[in-house]
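*Asks:* If you scroll down you'll find the structure; I have some questions about it.
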Amino acid sequence: MRKVIYANHEHQILVSNYILVTKDLIKDLASDTKYSQYLEILDIIIEYHNTYGNAVNRQNWYDWIMIIPINLSVMTNGFLAGCESKRNQKRIYSIRSILTNLLEDTVAKIDLMKLETND
């Protein structure tokens, strides 16, 4: 997985925690092959985030700092939908609930961050 470019230390703590918890929950659920494919898509999201960050200015700073949590959430929910069966439905619901609460908390804290400028 490629290294994430963070806006600041607070952004790093929030986003890296969200990535870590999400990856751990999916790793426990998925086969090694499916988990590897999941990480490949996560790497694409990180690449997009890092590339988008090269052109960040005041108008799109909040868009940039939200890319990973929002896109990782959408990807993970799609992955969970594909994994769900009658046998694991309760487990998937629990994982989805944990990740939804974590996403809401992460996004709320990121939303409070202020743009750091050198002006």
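In the structure tokens, the first chain shown is A, the next is B, and so on; residue numbers restart at 1 for each chain, and ligands run from 1 in the order shown.
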Tell me which protein, DNA and RNA residues are within 10 Å of Ile5 of chain A, counting only C-alpha atoms, leaving out same-chain ones fewer than 2 positions away, and put them as a ChimeraX atom specification.

*Replies:* /A:2-3,7-8,11-12,46-47,49-51,53-54,65

*Asks:* Dump C-alpha atoms for the selected residues as a PDB file, in the first residue's frame?

*Replies:*
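Final output, selection-v5.pdb:
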ATOM      1  CA  ARG A   2       1.325   3.397  -0.920  1.00  0.00           C
ATOM      2  CA  LYS A   3       2.071   6.044   1.693  1.00  0.00           C
ATOM      3  CA  ALA A   7      -2.838  17.544   5.534  1.00  0.00           C
ATOM      4  CA  ASN A   8      -1.457  17.687   9.080  1.00  0.00           C
ATOM      5  CA  HIS A  11      -5.605  14.453   9.730  1.00  0.00           C
ATOM      6  CA  GLN A  12      -3.004  11.689   9.891  1.00  0.00           C
ATOM      7  CA  ILE A  46      -4.848   6.643  -1.825  1.00  0.00           C
ATOM      8  CA  GLU A  47      -3.216   7.390  -5.180  1.00  0.00           C
ATOM      9  CA  HIS A  49      -6.053  11.329  -2.766  1.00  0.00           C
ATOM     10  CA  ASN A  50      -2.320  11.986  -3.061  1.00  0.00           C
ATOM     11  CA  THR A  51      -2.583  13.194  -6.660  1.00  0.00           C
ATOM     12  CA  GLY A  53      -3.567  16.886  -3.024  1.00  0.00           C
ATOM     13  CA  ASN A  54      -0.975  18.231  -5.465  1.00  0.00           C
ATOM     14  CA  ILE A  65      -9.085  15.837   3.276  1.00  0.00           C
TER      15      ILE A  65
END

*Asks:* So that I can check the surroundings of Asn71 of chain A, please list as a list in words every protein, DNA and RNA residue that reaches within 12 Å of it, counting only C-alpha atoms and ignoring chain neighbours fewer than 2 positions away.

*Replies:*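 That gives Val15, Tyr18, Ile19, Ile41, Leu42, Asp43, Ile44, Ile45, Ile46, Glu47, Tyr48, His49, Asp63, Trp64, Ile65, Met66, Ile67, Ile68, Pro69, Ser73, Val74, Met75, Thr76, Asn77, Gly78, Leu103 and Val107 of chain A.
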
*Asks:* Residues as selected, C-alpha atoms, written as a compact mmCIF listing (two decimals), in the first residue's frame, can you do that?

*Replies:*
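Result went into selection-v2.txt, see below:
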# COMPACT_ATOMS: atom_id res chain seq x y z
CA VAL A 15 -7.53 8.95 8.67
CA TYR A 18 -10.06 4.84 10.04
CA ILE A 19 -7.97 2.94 7.49
CA ILE A 41 -8.61 -0.77 -4.60
CA LEU A 42 -7.61 1.04 -1.40
CA ASP A 43 -4.28 1.79 -3.03
CA ILE A 44 -6.11 3.39 -5.97
CA ILE A 45 -8.08 5.59 -3.54
CA ILE A 46 -4.85 6.64 -1.83
CA GLU A 47 -3.22 7.39 -5.18
CA TYR A 48 -6.21 9.55 -6.13
CA HIS A 49 -6.05 11.33 -2.77
CA ASP A 63 -12.74 17.95 -0.60
CA TRP A 64 -9.18 16.66 -0.44
CA ILE A 65 -9.08 15.84 3.28
CA MET A 66 -12.36 13.88 2.97
CA ILE A 67 -11.38 11.76 -0.07
CA ILE A 68 -10.06 8.74 1.82
CA PRO A 69 -12.77 8.37 4.48
CA SER A 73 -16.52 3.89 3.14
CA VAL A 74 -18.24 3.50 -0.23
CA MET A 75 -15.76 0.83 -1.33
CA THR A 76 -16.10 -1.07 1.93
CA ASN A 77 -19.89 -1.02 1.88
CA GLY A 78 -19.83 -2.40 -1.66
CA LEU A 103 -16.90 7.20 9.69
CA VAL A 107 -15.74 13.00 9.26

*Asks:* Could you please determine the separation between atom CA of Lys109 of chain A and atom CA of Glu10 of chain A in Å, to one decimal place?

*Replies:*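 According to the coordinates, atom CA of Lys109 of chain A and atom CA of Glu10 of chain A are separated by 9.1 Å.
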
*Asks:* Pick out the closest residue to Asp28 of chain A from this set: A:Leu14, A:Leu102, A:Leu115, A:Ile92. Count only C-alpha atoms.

*Replies:*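 Closest candidate: A:Ile92.
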
*Asks:* I want to know what sits within 12 Å of Lys27 of chain A, based on only C-alpha atoms, with residues of the same chain fewer than 3 positions away left out; could you give that as an NGL selection string?

*Replies:* :A and (19-24 or 30-39 or 76 or 79-80 or 95)

*Asks:* Please write the residues from the selection above to a file, keeping C-alpha atoms, as a PDB file, in the first residue's frame.

*Replies:*
ATOM      1  CA  ILE A  19      -7.972   2.938   7.485  1.00  0.00           C
ATOM      2  CA  LEU A  20      -6.512   0.616  10.143  1.00  0.00           C
ATOM      3  CA  VAL A  21      -9.856  -0.300  11.725  1.00  0.00           C
ATOM      4  CA  THR A  22     -11.493  -0.806   8.335  1.00  0.00           C
ATOM      5  CA  LYS A  23      -8.667  -3.006   7.057  1.00  0.00           C
ATOM      6  CA  ASP A  24      -8.664  -5.110  10.240  1.00  0.00           C
ATOM      7  CA  ALA A  30     -12.324 -11.959   3.653  1.00  0.00           C
ATOM      8  CA  SER A  31     -10.191 -14.662   2.125  1.00  0.00           C
ATOM      9  CA  ASP A  32      -6.551 -13.770   1.449  1.00  0.00           C
ATOM     10  CA  THR A  33      -7.300 -13.297  -2.263  1.00  0.00           C
ATOM     11  CA  LYS A  34     -10.314 -11.052  -1.668  1.00  0.00           C
ATOM     12  CA  TYR A  35      -8.434  -9.061   0.956  1.00  0.00           C
ATOM     13  CA  SER A  36      -5.553  -8.544  -1.466  1.00  0.00           C
ATOM     14  CA  GLN A  37      -8.018  -7.251  -4.077  1.00  0.00           C
ATOM     15  CA  TYR A  38      -9.552  -4.963  -1.435  1.00  0.00           C
ATOM     16  CA  LEU A  39      -6.095  -3.514  -0.689  1.00  0.00           C
ATOM     17  CA  THR A  76     -16.104  -1.074   1.934  1.00  0.00           C
ATOM     18  CA  PHE A  79     -17.391  -5.091  -0.565  1.00  0.00           C
ATOM     19  CA  LEU A  80     -19.589  -5.995   2.410  1.00  0.00           C
ATOM     20  CA  ILE A  95     -19.201  -4.559  10.866  1.00  0.00           C
TER      21      ILE A  95
END

*Asks:* Using DSSP on the backbone coordinates, identify the residues of segment 42-73 of chain A assigned to helix (DSSP H, G or I); present them as a short mmCIF file (atom, residue, chain, number, x, y, z; two decimals) with C-alpha atoms, in the first residue's frame.

*Replies:*
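Written output follows (states_28.cif):
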data_model
loop_
_atom_site.label_atom_id
_atom_site.label_comp_id
_atom_site.auth_asym_id
_atom_site.auth_seq_id
_atom_site.Cartn_x
_atom_site.Cartn_y
_atom_site.Cartn_z
CA LEU A 42 -7.61 1.04 -1.40
CA ASP A 43 -4.28 1.79 -3.03
CA ILE A 44 -6.11 3.39 -5.97
CA ILE A 45 -8.08 5.59 -3.54
CA ILE A 46 -4.85 6.64 -1.83
CA GLU A 47 -3.22 7.39 -5.18
CA TYR A 48 -6.21 9.55 -6.13
CA HIS A 49 -6.05 11.33 -2.77
CA ASN A 50 -2.32 11.99 -3.06
CA THR A 51 -2.58 13.19 -6.66
CA TYR A 52 -5.57 15.41 -5.89
CA GLY A 53 -3.57 16.89 -3.02
CA TRP A 61 -9.05 21.69 0.69
CA TYR A 62 -12.04 20.11 2.45
CA ASP A 63 -12.74 17.95 -0.60
CA TRP A 64 -9.18 16.66 -0.44
CA ILE A 65 -9.08 15.84 3.28
CA MET A 66 -12.36 13.88 2.97
CA ILE A 67 -11.38 11.76 -0.07
CA ILE A 68 -10.06 8.74 1.82
CA PRO A 69 -12.77 8.37 4.48
CA ILE A 70 -15.65 8.88 2.06
CA ASN A 71 -14.28 6.74 -0.78
CA LEU A 72 -13.06 4.00 1.57
CA SER A 73 -16.52 3.89 3.14
#

*Asks:* Just give me the gap between atom CA of Thr106 of chain A and atom CA of Asn57 of chain A in Å, one decimal is fine.

*Replies:* 22.0 Å

*Asks:* When you draw a straight line from atom CA of Leu99 of chain A to atom CA of Gly82 of chain A, how long is it in Å?

*Replies:*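 A separation of 16.3 Å between them.
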